[in-house]
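Next comes protein_25.cif, with mmCIF, C-alpha atoms.
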data_final
#
loop_
_atom_site.group_PDB
_atom_site.id
_atom_site.type_symbol
_atom_site.label_atom_id
_atom_site.label_comp_id
_atom_site.auth_asym_id
_atom_site.auth_seq_id
_atom_site.Cartn_x
_atom_site.Cartn_y
_atom_site.Cartn_z
ATOM 1 C CA MET A 36 141.708 217.853 149.211
ATOM 2 C CA THR A 37 141.903 214.118 148.520
ATOM 3 C CA ILE A 38 145.250 212.346 148.674
ATOM 4 C CA THR A 39 145.977 209.543 146.249
ATOM 5 C CA SER A 40 148.573 206.858 146.764
ATOM 6 C CA SER A 41 150.937 205.858 143.995
ATOM 7 C CA LEU A 42 152.963 203.668 146.343
ATOM 8 C CA ALA A 43 151.133 200.342 145.948
ATOM 9 C CA PRO A 44 153.156 197.797 143.965
ATOM 10 C CA ARG A 45 151.936 196.829 140.501
ATOM 11 C CA GLY A 46 151.222 193.304 141.639
ATOM 12 C CA GLY A 47 148.770 194.571 144.271
ATOM 13 C CA PHE A 48 149.051 195.377 147.934
ATOM 14 C CA PRO A 49 151.680 193.737 150.116
ATOM 15 C CA PRO A 50 150.733 190.468 151.798
ATOM 16 C CA GLN A 51 151.163 191.786 155.348
ATOM 17 C CA THR A 52 148.032 193.142 157.014
ATOM 18 C CA PRO A 53 147.773 196.911 156.531
ATOM 19 C CA ALA A 54 147.677 198.774 159.859
ATOM 20 C CA ALA A 55 149.101 195.753 161.672
ATOM 21 C CA ALA A 56 151.230 198.137 163.736
ATOM 22 C CA TYR A 57 148.064 199.941 164.760
ATOM 23 C CA ASP A 58 146.490 196.645 165.819
ATOM 24 C CA ASP A 59 149.547 196.038 167.986
ATOM 25 C CA LEU A 60 149.235 199.530 169.495
ATOM 26 C CA LEU A 61 145.607 198.882 170.384
ATOM 27 C CA ALA A 62 146.454 195.639 172.118
ATOM 28 C CA ARG A 63 149.226 197.280 174.123
ATOM 29 C CA ALA A 64 147.854 200.739 174.760
ATOM 30 C CA LEU A 65 144.119 200.496 175.371
ATOM 31 C CA PRO A 66 144.406 199.510 179.047
ATOM 32 C CA GLN A 67 146.865 202.343 179.661
ATOM 33 C CA THR A 68 144.882 205.057 177.907
ATOM 34 C CA ARG A 69 141.656 204.061 179.642
ATOM 35 C CA GLU A 70 143.385 204.624 182.973
ATOM 36 C CA GLN A 71 144.933 207.942 181.942
ATOM 37 C CA ARG A 72 144.100 210.743 184.352
ATOM 38 C CA VAL A 73 141.673 213.298 182.940
ATOM 39 C CA TRP A 74 142.611 216.981 183.069
ATOM 40 C CA ASN A 75 141.404 219.021 186.007
ATOM 41 C CA PRO A 76 141.751 222.779 186.654
ATOM 42 C CA SER A 77 144.683 222.310 189.025
ATOM 43 C CA ASP A 78 146.731 221.124 186.018
ATOM 44 C CA GLY A 79 146.611 224.580 184.467
ATOM 45 C CA PRO A 80 146.176 225.189 180.736
ATOM 46 C CA LEU A 81 146.850 222.337 178.363
ATOM 47 C CA PRO A 82 149.539 222.982 175.748
ATOM 48 C CA SER A 83 148.760 223.662 172.117
ATOM 49 C CA LEU A 84 150.117 221.047 169.720
ATOM 50 C CA PHE A 85 151.264 220.772 166.130
ATOM 51 C CA VAL A 86 151.381 217.261 164.714
ATOM 52 C CA SER A 87 152.821 216.031 161.442
ATOM 53 C CA HIS A 88 149.959 213.670 160.701
ATOM 54 C CA GLY A 89 151.152 211.426 157.892
ATOM 55 C CA ALA A 90 149.221 209.443 155.302
ATOM 56 C CA PRO A 91 147.140 206.334 156.127
ATOM 57 C CA PHE A 92 150.263 204.177 156.165
ATOM 58 C CA THR A 93 151.331 206.017 159.323
ATOM 59 C CA LEU A 94 149.289 203.197 160.855
ATOM 60 C CA ASP A 95 151.993 200.783 159.620
ATOM 61 C CA ASP A 96 154.850 202.604 161.370
ATOM 62 C CA PRO A 97 155.255 201.318 164.937
ATOM 63 C CA GLN A 98 157.740 204.022 165.933
ATOM 64 C CA TRP A 99 155.526 206.862 164.733
ATOM 65 C CA LEU A 100 152.501 205.358 166.472
ATOM 66 C CA SER A 101 154.417 204.838 169.709
ATOM 67 C CA ASP A 102 155.812 208.368 169.587
ATOM 68 C CA LEU A 103 152.318 209.817 169.226
ATOM 69 C CA PHE A 104 150.842 207.627 171.948
ATOM 70 C CA ASP A 105 153.670 208.253 174.416
ATOM 71 C CA TRP A 106 153.339 211.987 173.795
ATOM 72 C CA ALA A 107 149.626 211.898 174.550
ATOM 73 C CA VAL A 108 149.974 209.947 177.786
ATOM 74 C CA SER A 109 152.672 212.356 179.001
ATOM 75 C CA MET A 110 149.852 214.895 179.428
ATOM 76 C CA PRO A 111 146.544 214.706 181.260
ATOM 77 C CA LYS A 112 143.798 213.371 179.031
ATOM 78 C CA PRO A 113 141.930 216.388 177.604
ATOM 79 C CA ARG A 114 138.236 216.912 178.174
ATOM 80 C CA ALA A 115 137.918 217.415 174.412
ATOM 81 C CA VAL A 116 139.996 218.173 171.306
ATOM 82 C CA VAL A 117 139.648 220.919 168.703
ATOM 83 C CA VAL A 118 141.653 220.080 165.601
ATOM 84 C CA VAL A 119 142.418 222.050 162.450
ATOM 85 C CA SER A 120 143.651 219.834 159.617
ATOM 86 C CA ALA A 121 145.507 220.617 156.412
ATOM 87 C CA HIS A 122 142.718 218.884 154.520
ATOM 88 C CA TRP A 123 139.737 221.155 155.128
ATOM 89 C CA GLU A 124 139.687 224.738 153.921
ATOM 90 C CA ARG A 125 136.360 226.554 154.037
ATOM 91 C CA ALA A 126 135.360 230.145 154.768
ATOM 92 C CA PRO A 127 133.845 231.307 156.976
ATOM 93 C CA VAL A 128 135.174 228.908 159.569
ATOM 94 C CA ALA A 129 132.936 225.847 159.969
ATOM 95 C CA ILE A 130 132.820 222.797 162.207
ATOM 96 C CA SER A 131 132.538 219.092 161.516
ATOM 97 C CA GLY A 132 129.655 216.945 162.668
ATOM 98 C CA ALA A 133 129.567 216.834 166.461
ATOM 99 C CA ALA A 134 127.145 213.955 167.009
ATOM 100 C CA ALA A 135 128.507 210.714 168.421
ATOM 101 C CA GLY A 136 129.379 208.225 165.707
ATOM 102 C CA THR A 137 129.535 210.705 162.812
ATOM 103 C CA PRO A 138 131.239 208.644 160.056
ATOM 104 C CA LEU A 139 134.842 209.487 159.285
ATOM 105 C CA HIS A 140 135.628 211.450 156.126
ATOM 106 C CA TYR A 141 137.934 209.115 154.187
ATOM 107 C CA ASP A 142 139.538 211.763 152.005
ATOM 108 C CA PHE A 143 142.035 209.485 150.279
ATOM 109 C CA SER A 144 142.162 206.880 147.538
ATOM 110 C CA GLY A 145 144.587 204.327 146.143
ATOM 111 C CA PHE A 146 145.420 202.836 149.541
ATOM 112 C CA HIS A 147 144.515 199.384 150.800
ATOM 113 C CA PRO A 148 140.748 199.143 151.492
ATOM 114 C CA ARG A 149 141.333 198.287 155.148
ATOM 115 C CA TYR A 150 142.276 201.889 155.891
ATOM 116 C CA LYS A 151 138.655 202.807 155.157
ATOM 117 C CA THR A 152 137.256 200.234 157.570
ATOM 118 C CA LEU A 153 139.152 201.221 160.710
ATOM 119 C CA PRO A 154 136.695 202.881 163.096
ATOM 120 C CA TYR A 155 137.243 205.935 165.275
ATOM 121 C CA ALA A 156 133.853 206.628 166.829
ATOM 122 C CA THR A 157 134.400 209.474 169.290
ATOM 123 C CA PRO A 158 131.819 210.581 171.884
ATOM 124 C CA ASP A 159 129.204 213.278 171.368
ATOM 125 C CA ALA A 160 130.847 216.694 171.048
ATOM 126 C CA THR A 161 127.722 218.848 170.934
ATOM 127 C CA ASP A 162 128.743 220.837 174.009
ATOM 128 C CA LEU A 163 132.119 221.587 172.450
ATOM 129 C CA ALA A 164 130.454 222.651 169.194
ATOM 130 C CA ARG A 165 128.271 225.111 171.147
ATOM 131 C CA ARG A 166 131.317 226.441 172.987
ATOM 132 C CA LEU A 167 133.122 227.002 169.701
ATOM 133 C CA SER A 168 130.135 228.752 168.173
ATOM 134 C CA GLY A 169 130.063 231.142 171.120
ATOM 135 C CA LEU A 170 133.803 231.703 171.043
ATOM 136 C CA LEU A 171 134.186 232.343 167.334
ATOM 137 C CA GLY A 172 131.764 235.211 166.932
ATOM 138 C CA ARG A 173 128.210 236.430 166.851
ATOM 139 C CA THR A 174 127.510 234.943 163.439
ATOM 140 C CA PRO A 175 126.474 231.289 163.835
ATOM 141 C CA VAL A 176 129.224 228.857 162.882
ATOM 142 C CA HIS A 177 127.846 226.382 160.369
ATOM 143 C CA GLU A 178 128.070 222.723 161.325
ATOM 144 C CA PHE A 179 128.534 220.251 158.479
ATOM 145 C CA ALA A 180 126.667 217.531 160.327
ATOM 146 C CA GLU A 181 127.535 214.770 157.845
ATOM 147 C CA ARG A 182 131.235 215.605 157.602
ATOM 148 C CA GLY A 183 133.295 213.533 159.996
ATOM 149 C CA LEU A 184 136.953 213.912 160.838
ATOM 150 C CA ASP A 185 139.308 213.730 157.863
ATOM 151 C CA HIS A 186 142.556 211.765 157.874
ATOM 152 C CA GLY A 187 144.569 214.768 159.046
ATOM 153 C CA ALA A 188 142.505 214.640 162.221
ATOM 154 C CA PHE A 189 141.650 211.002 162.817
ATOM 155 C CA ILE A 190 144.966 209.328 161.969
ATOM 156 C CA PRO A 191 147.066 211.083 164.656
ATOM 157 C CA LEU A 192 144.196 210.928 167.151
ATOM 158 C CA MET A 193 143.804 207.177 166.594
ATOM 159 C CA ALA A 194 147.366 206.836 167.885
ATOM 160 C CA MET A 195 147.153 209.464 170.609
ATOM 161 C CA TYR A 196 143.775 208.468 172.058
ATOM 162 C CA PRO A 197 143.157 204.956 170.711
ATOM 163 C CA ALA A 198 140.186 204.314 173.012
ATOM 164 C CA ALA A 199 138.280 207.012 171.045
ATOM 165 C CA ASP A 200 136.969 208.288 174.380
ATOM 166 C CA VAL A 201 137.661 212.013 173.900
ATOM 167 C CA PRO A 202 135.106 214.258 172.124
ATOM 168 C CA VAL A 203 136.561 215.852 168.989
ATOM 169 C CA VAL A 204 135.429 218.694 166.731
ATOM 170 C CA GLN A 205 137.296 219.667 163.575
ATOM 171 C CA LEU A 206 137.406 223.291 162.476
ATOM 172 C CA SER A 207 137.936 224.314 158.878
ATOM 173 C CA MET A 208 140.787 226.588 157.883
ATOM 174 C CA PRO A 209 139.155 229.895 156.910
ATOM 175 C CA SER A 210 141.956 230.470 154.394
ATOM 176 C CA LEU A 211 145.557 229.474 153.714
ATOM 177 C CA ASP A 212 146.817 232.875 154.847
ATOM 178 C CA PRO A 213 149.224 232.172 157.741
ATOM 179 C CA SER A 214 148.042 235.326 159.523
ATOM 180 C CA ALA A 215 144.447 234.069 159.429
ATOM 181 C CA LEU A 216 145.486 230.837 161.140
ATOM 182 C CA LEU A 217 147.495 232.784 163.708
ATOM 183 C CA ARG A 218 144.412 234.862 164.541
ATOM 184 C CA LEU A 219 142.183 231.793 164.708
ATOM 185 C CA GLY A 220 144.599 230.160 167.139
ATOM 186 C CA ALA A 221 144.505 233.246 169.363
ATOM 187 C CA ARG A 222 140.703 233.030 169.504
ATOM 188 C CA LEU A 223 140.945 229.402 170.590
ATOM 189 C CA ARG A 224 143.504 230.099 173.315
ATOM 190 C CA PRO A 225 140.952 230.298 176.188
ATOM 191 C CA LEU A 226 139.941 226.691 175.517
ATOM 192 C CA ARG A 227 143.270 225.463 176.860
ATOM 193 C CA GLU A 228 142.302 226.747 180.317
ATOM 194 C CA GLU A 229 139.184 224.564 180.127
ATOM 195 C CA GLY A 230 141.060 221.337 179.513
ATOM 196 C CA ILE A 231 140.445 221.371 175.764
ATOM 197 C CA LEU A 232 143.385 220.447 173.570
ATOM 198 C CA VAL A 233 144.024 222.715 170.560
ATOM 199 C CA LEU A 234 145.723 220.757 167.787
ATOM 200 C CA GLY A 235 147.047 221.936 164.437
ATOM 201 C CA SER A 236 147.591 219.008 162.062
ATOM 202 C CA GLY A 237 149.810 219.392 159.016
ATOM 203 C CA PHE A 238 153.380 218.396 158.204
ATOM 204 C CA MET A 239 156.600 220.214 159.019
ATOM 205 C CA THR A 240 157.701 219.578 155.436
ATOM 206 C CA HIS A 241 155.452 218.177 152.732
ATOM 207 C CA SER A 242 157.417 217.452 149.560
ATOM 208 C CA PHE A 243 156.548 214.747 147.071
ATOM 209 C CA ALA A 244 159.425 215.879 144.861
ATOM 210 C CA VAL A 245 161.918 214.583 147.423
ATOM 211 C CA PHE A 246 160.604 211.042 146.815
ATOM 212 C CA ARG A 247 161.838 211.234 143.220
ATOM 213 C CA ARG A 248 164.936 213.350 143.876
ATOM 214 C CA PRO A 249 166.488 212.447 147.236
ATOM 215 C CA GLU A 250 169.035 215.224 146.888
ATOM 216 C CA LEU A 251 166.197 217.662 147.612
ATOM 217 C CA ALA A 252 166.255 216.445 151.211
ATOM 218 C CA ALA A 253 168.819 219.204 151.743
ATOM 219 C CA ASP A 254 165.997 221.699 151.162
ATOM 220 C CA THR A 255 163.529 219.998 153.506
ATOM 221 C CA THR A 256 166.229 219.748 156.179
ATOM 222 C CA ALA A 257 167.126 223.415 155.791
ATOM 223 C CA PHE A 258 163.472 224.416 156.063
ATOM 224 C CA ASP A 259 162.993 222.292 159.176
ATOM 225 C CA GLU A 260 166.062 223.810 160.853
ATOM 226 C CA TRP A 261 164.893 227.313 159.972
ATOM 227 C CA ALA A 262 161.442 226.672 161.456
ATOM 228 C CA VAL A 263 162.962 225.348 164.687
ATOM 229 C CA ASP A 264 165.090 228.485 164.983
ATOM 230 C CA ALA A 265 162.150 230.809 164.289
ATOM 231 C CA LEU A 266 160.054 228.971 166.873
ATOM 232 C CA SER A 267 162.831 229.147 169.468
ATOM 233 C CA ARG A 268 162.765 232.925 169.072
ATOM 234 C CA GLY A 269 158.975 233.096 169.113
ATOM 235 C CA ASP A 270 159.205 234.854 165.749
ATOM 236 C CA ALA A 271 155.627 234.588 164.514
ATOM 237 C CA ASP A 272 156.313 237.284 161.907
ATOM 238 C CA ALA A 273 159.006 235.153 160.273
ATOM 239 C CA LEU A 274 156.772 232.073 160.350
ATOM 240 C CA THR A 275 153.904 233.916 158.674
ATOM 241 C CA ASP A 276 156.331 235.153 155.990
ATOM 242 C CA TYR A 277 157.929 231.736 155.499
ATOM 243 C CA ARG A 278 157.602 231.926 151.698
ATOM 244 C CA ASN A 279 160.111 234.774 151.608
ATOM 245 C CA LYS A 280 162.249 233.991 154.639
ATOM 246 C CA ALA A 281 162.631 230.224 154.863
ATOM 247 C CA PRO A 282 165.312 228.377 152.874
ATOM 248 C CA GLY A 283 163.952 225.576 150.732
ATOM 249 C CA ALA A 284 160.345 226.734 151.117
ATOM 250 C CA ALA A 285 159.423 226.055 147.490
ATOM 251 C CA VAL A 286 160.488 222.420 147.859
ATOM 252 C CA ALA A 287 159.384 221.856 151.448
ATOM 253 C CA HIS A 288 155.928 223.363 150.893
ATOM 254 C CA PRO A 289 154.955 223.792 147.239
ATOM 255 C CA THR A 290 151.467 224.502 148.614
ATOM 256 C CA ALA A 291 150.608 226.070 151.962
ATOM 257 C CA GLU A 292 148.008 223.809 153.534
ATOM 258 C CA HIS A 293 150.363 221.528 155.486
ATOM 259 C CA PHE A 294 152.385 224.372 156.999
ATOM 260 C CA VAL A 295 149.786 226.924 158.061
ATOM 261 C CA PRO A 296 148.242 224.733 160.817
ATOM 262 C CA LEU A 297 151.507 225.399 162.667
ATOM 263 C CA LEU A 298 150.448 229.044 162.879
ATOM 264 C CA LEU A 299 147.215 227.986 164.581
ATOM 265 C CA THR A 300 149.312 226.218 167.222
ATOM 266 C CA VAL A 301 151.538 229.273 167.688
ATOM 267 C CA GLY A 302 148.518 231.571 167.940
ATOM 268 C CA ALA A 303 146.914 229.389 170.604
ATOM 269 C CA ALA A 304 150.060 229.420 172.773
ATOM 270 C CA ASP A 305 150.720 231.872 175.589
ATOM 271 C CA ASP A 306 154.428 231.822 174.774
ATOM 272 C CA PRO A 307 155.247 231.467 171.043
ATOM 273 C CA GLY A 308 158.880 230.777 171.969
ATOM 274 C CA SER A 309 158.062 227.772 174.154
ATOM 275 C CA ALA A 310 158.062 225.134 171.401
ATOM 276 C CA VAL A 311 159.435 221.720 172.352
ATOM 277 C CA SER A 312 159.823 218.971 169.763
ATOM 278 C CA ALA A 313 157.891 215.888 170.846
ATOM 279 C CA ILE A 314 158.770 214.073 167.604
ATOM 280 C CA ASP A 315 161.840 214.829 165.499
ATOM 281 C CA ARG A 316 162.425 212.373 162.680
ATOM 282 C CA MET A 317 162.945 212.451 158.924
ATOM 283 C CA VAL A 318 160.769 209.987 156.997
ATOM 284 C CA MET A 319 161.090 209.613 153.214
ATOM 285 C CA GLY A 320 162.971 212.909 153.059
ATOM 286 C CA ASN A 321 160.378 214.886 155.025
ATOM 287 C CA SER A 322 160.404 216.178 158.570
ATOM 288 C CA THR A 323 157.768 214.649 160.840
ATOM 289 C CA ARG A 324 158.542 217.171 163.573
ATOM 290 C CA SER A 325 155.661 217.598 165.988
ATOM 291 C CA LEU A 326 155.597 220.305 168.615
ATOM 292 C CA GLN A 327 154.189 221.280 171.980
ATOM 293 C CA LEU A 328 153.793 224.920 173.040
ATOM 294 C CA THR A 329 152.641 226.463 176.304
#
If you took the structure in this file and wrote it as structure tokens, what would it be?
Amino acid sequence: MTITSSLAPRGGFPPQTPAAAYDDLLARALPQTREQRVWNPSDGPLPSLFVSHGAPFTLDDPQWLSDLFDWAVSMPKPRAVVVVSAHWERAPVAISGAAAGTPLHYDFSGFHPRYKTLPYATPDATDLARRLSGLLGRTPVHEFAERGLDHGAFIPLMAMYPAADVPVVQLSMPSLDPSALLRLGARLRPLREEGILVLGSGFMTHSFAVFRRPELAADTTAFDEWAVDALSRGDADALTDYRNKAPGAAVAHPTAEHFVPLLLTVGAADDPGSAVSAIDRMVMGNSTRSLQLT
């Protein structure tokens, strides 16, 4: 999936530097993140996370960037990250290029060119790729060596780990069936005990219609509140059947890809009812809720 921006003004892009807020984050945060303590076994399993990742202009929102960074430094730095993004569906499950410096997959258009020049060169993740191949079954997991992280993966990670010093591998979604993502998360659960962060990247609500019709924010708000309630009860069955059970689902998620990564996060958790909201904000009528589960 490629996202296309229709938000640039007709006269061209705004005069301010795109991603200026991200530049400010780098200046402030790099010393802190480089000193962040790395996970060790005495810390116990890392949580599983769901992040509402945003479009490239997330890098222009200082509050969103700070929220993501502060969340990351509240935890030990992971040994590695496995991320499933709304923007890569492929069956059977596959992995992104694991070699150091694999170019990012800029799966968007219509935004300012600078967004395609910002680097995020993470370390070699070959060991993690081998671990995933062993964990996910006897059939070899294909590695798309030339496919780097897409924006659903690299944009939140640029804010969370701006030093780009954590190895990252992206997994494809084997399907958009919520139950399939729940099962995939369960298979990844042992990684948390090894200091590997399991991250589902989507959006708690993902409605373009609400941009044109602000009154539809009632539907996205209702969906968000329903999801919080279902999570508080650890009701994975309700979450997998969100199309039939959630109010406002047709508006909040006209397509499934931005919601189902939440099921990966739930599946990877030991306690599906342990969800805590690390970020809880409405932006342009959509919920940017991001969650941490244990």
Atom CA of A:Val203 to atom CA of A:Val233, straight-line distance in Å: 10.3 Å
Convert the output of the PyMOL selection byres ((chain A and resi 109) around 12) on the shown file into explicit residues, formatted as a PyMOL selection string. chain A and resi 67-68+71-74+81-82+102-108+110-113+195-196+313+327
Just how far from atom CA of A:Ala160 is atom CA of A:Gly132, in Å to one decimal? 8.5 Å
Go through A:Pro154, A:Gly308, A:Gly320, A:Gly269 one by one, measure the shortest atom-to-atom distance of each to A:Ala287 using all atoms listed in the file, and give the residue with the smallest value.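 Looking only at the distances to A:Ala287, the closest residue turns out to be A:Gly320.
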When the PyMOL selection byres ((chain A and resi 172-175) around 12) is applied to the file above, which residues end up in the set, as a PyMOL selection string? chain A and resi 127-130+164-171+176-178+219+222-223
Quick one: write out the picked residues with C-alpha atoms as an mmCIF file, in the coordinates of the input?
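That gives us out.cif:
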data_model
loop_
_atom_site.group_PDB
_atom_site.id
_atom_site.type_symbol
_atom_site.label_atom_id
_atom_site.label_comp_id
_atom_site.auth_asym_id
_atom_site.auth_seq_id
_atom_site.Cartn_x
_atom_site.Cartn_y
_atom_site.Cartn_z
ATOM 1 C CA PRO A 127 133.845 231.307 156.976
ATOM 2 C CA VAL A 128 135.174 228.908 159.569
ATOM 3 C CA ALA A 129 132.936 225.847 159.969
ATOM 4 C CA ILE A 130 132.820 222.797 162.207
ATOM 5 C CA ALA A 164 130.454 222.651 169.194
ATOM 6 C CA ARG A 165 128.271 225.111 171.147
ATOM 7 C CA ARG A 166 131.317 226.441 172.987
ATOM 8 C CA LEU A 167 133.122 227.002 169.701
ATOM 9 C CA SER A 168 130.135 228.752 168.173
ATOM 10 C CA GLY A 169 130.063 231.142 171.120
ATOM 11 C CA LEU A 170 133.803 231.703 171.043
ATOM 12 C CA LEU A 171 134.186 232.343 167.334
ATOM 13 C CA VAL A 176 129.224 228.857 162.882
ATOM 14 C CA HIS A 177 127.846 226.382 160.369
ATOM 15 C CA GLU A 178 128.070 222.723 161.325
ATOM 16 C CA LEU A 219 142.183 231.793 164.708
ATOM 17 C CA ARG A 222 140.703 233.030 169.504
ATOM 18 C CA LEU A 223 140.945 229.402 170.590
#
Considering all atoms listed in the file, can you say which of A:Leu251, A:Ala265, A:Ala271, A:Val116 comes closest to A:Met319?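 Of A:Leu251, A:Ala265, A:Ala271, A:Val116, the one nearest A:Met319, counting all atoms listed in the file, is A:Leu251.
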With distances taken over only C-alpha atoms, which residue among A:Asp185, A:Asp200, A:Asp276, A:Asp305 lies nearest A:Pro225?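 Between A:Asp185, A:Asp200, A:Asp276, A:Asp305, the residue approaching A:Pro225 most closely is A:Asp305.
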Would you pick out the contacts of A:Gly235 at 6 Å or less, using all atoms listed in the file, so that residues sharing its chain but fewer than 3 positions from it are not included, and give the list as a VMD selection string? chain A and resid 85 118 to 119 296 to 297 300
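Among the candidate residues A:Ala54, A:Val201, A:Ala133, A:Leu139, the one lying nearest to A:Pro97 is A:Ala54, with distances computed using all atoms listed in the file.
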For A:Leu61, the closest of A:Ser309, A:Ser101, A:Ser131, A:Thr240 counting only C-alpha atoms is A:Ser101
Set the distance at 10 Å and use all atoms listed in the file: which residues neighbour A:Tyr277 once local chain neighbours fewer than 6 positions away are removed? I'd like the list as a list in words.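 What passes the distance filter is Pro213, Phe258, Trp261, Ala262, Ala265, Ala271, Gly283, Ala284, Ala285, His288, Ala291, Phe294 and Val295 of chain A.
With atom CA of A:Ile190 on one side and atom CA of A:Val117 on the other, the separation reads 14.4 Å.
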Using all atoms listed in the file, can you list as a ChimeraX atom specification the residues within 9 Å of (145.2, 213.2, 157.1)? /A:38,88-91,120-122,141-143,185-191,236-237
Quick one: residues within 9 Å of A:Val311, only C-alpha atoms counted, chain neighbours fewer than 6 positions away excluded, as a PDB file with C-alpha atoms, keeping the file's coordinate frame?
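Output file part16.pdb is given in full below:
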ATOM      1  CA  SER A 267     162.831 229.147 169.468  1.00  0.00           C
ATOM      2  CA  SER A 325     155.661 217.598 165.988  1.00  0.00           C
ATOM      3  CA  LEU A 326     155.597 220.305 168.615  1.00  0.00           C
ATOM      4  CA  GLN A 327     154.189 221.280 171.980  1.00  0.00           C
ATOM      5  CA  LEU A 328     153.793 224.920 173.040  1.00  0.00           C
TER       6      LEU A 328
END
Take the structure in the block and write a file for stretch 115-129 of chain A, N, CA and C atoms, as a PDB file, in the first residue's frame.
ATOM      1  N   ALA A 115      16.543  -5.808  20.290  1.00  0.00           N
ATOM      2  CA  ALA A 115      16.118  -5.754  18.888  1.00  0.00           C
ATOM      3  C   ALA A 115      14.619  -5.499  18.878  1.00  0.00           C
ATOM      4  N   VAL A 116      14.093  -5.184  17.689  1.00  0.00           N
ATOM      5  CA  VAL A 116      12.660  -4.923  17.514  1.00  0.00           C
ATOM      6  C   VAL A 116      12.147  -5.757  16.346  1.00  0.00           C
ATOM      7  N   VAL A 117      10.999  -6.399  16.560  1.00  0.00           N
ATOM      8  CA  VAL A 117      10.234  -7.022  15.477  1.00  0.00           C
ATOM      9  C   VAL A 117       8.965  -6.210  15.304  1.00  0.00           C
ATOM     10  N   VAL A 118       8.733  -5.703  14.112  1.00  0.00           N
ATOM     11  CA  VAL A 118       7.589  -4.832  13.880  1.00  0.00           C
ATOM     12  C   VAL A 118       6.738  -5.381  12.740  1.00  0.00           C
ATOM     13  N   VAL A 119       5.433  -5.334  12.938  1.00  0.00           N
ATOM     14  CA  VAL A 119       4.457  -5.650  11.899  1.00  0.00           C
ATOM     15  C   VAL A 119       3.696  -4.358  11.603  1.00  0.00           C
ATOM     16  N   SER A 120       3.737  -3.932  10.357  1.00  0.00           N
ATOM     17  CA  SER A 120       3.152  -2.659   9.949  1.00  0.00           C
ATOM     18  C   SER A 120       1.902  -2.884   9.107  1.00  0.00           C
ATOM     19  N   ALA A 121       1.006  -1.910   9.190  1.00  0.00           N
ATOM     20  CA  ALA A 121      -0.214  -1.934   8.375  1.00  0.00           C
ATOM     21  C   ALA A 121       0.081  -1.942   6.883  1.00  0.00           C
ATOM     22  N   HIS A 122       1.300  -1.629   6.498  1.00  0.00           N
ATOM     23  CA  HIS A 122       1.585  -1.365   5.088  1.00  0.00           C
ATOM     24  C   HIS A 122       2.328  -2.484   4.371  1.00  0.00           C
ATOM     25  N   TRP A 123       2.329  -3.675   4.962  1.00  0.00           N
ATOM     26  CA  TRP A 123       2.931  -4.814   4.246  1.00  0.00           C
ATOM     27  C   TRP A 123       2.129  -6.069   4.533  1.00  0.00           C
ATOM     28  N   GLU A 124       1.374  -6.497   3.555  1.00  0.00           N
ATOM     29  CA  GLU A 124       0.631  -7.751   3.631  1.00  0.00           C
ATOM     30  C   GLU A 124       1.215  -8.708   2.604  1.00  0.00           C
ATOM     31  N   ARG A 125       1.654  -9.856   3.049  1.00  0.00           N
ATOM     32  CA  ARG A 125       2.178 -10.875   2.138  1.00  0.00           C
ATOM     33  C   ARG A 125       2.120 -12.228   2.829  1.00  0.00           C
ATOM     34  N   ALA A 126       1.622 -13.228   2.112  1.00  0.00           N
ATOM     35  CA  ALA A 126       1.563 -14.591   2.624  1.00  0.00           C
ATOM     36  C   ALA A 126       2.400 -15.507   1.726  1.00  0.00           C
ATOM     37  N   PRO A 127       3.081 -16.499   2.333  1.00  0.00           N
ATOM     38  CA  PRO A 127       3.240 -16.684   3.779  1.00  0.00           C
ATOM     39  C   PRO A 127       4.078 -15.568   4.369  1.00  0.00           C
ATOM     40  N   VAL A 128       4.118 -15.527   5.707  1.00  0.00           N
ATOM     41  CA  VAL A 128       4.803 -14.437   6.378  1.00  0.00           C
ATOM     42  C   VAL A 128       6.254 -14.339   5.898  1.00  0.00           C
ATOM     43  N   ALA A 129       6.707 -13.109   5.668  1.00  0.00           N
ATOM     44  CA  ALA A 129       8.047 -12.859   5.145  1.00  0.00           C
ATOM     45  C   ALA A 129       8.718 -11.813   6.017  1.00  0.00           C
TER      46      ALA A 129
END
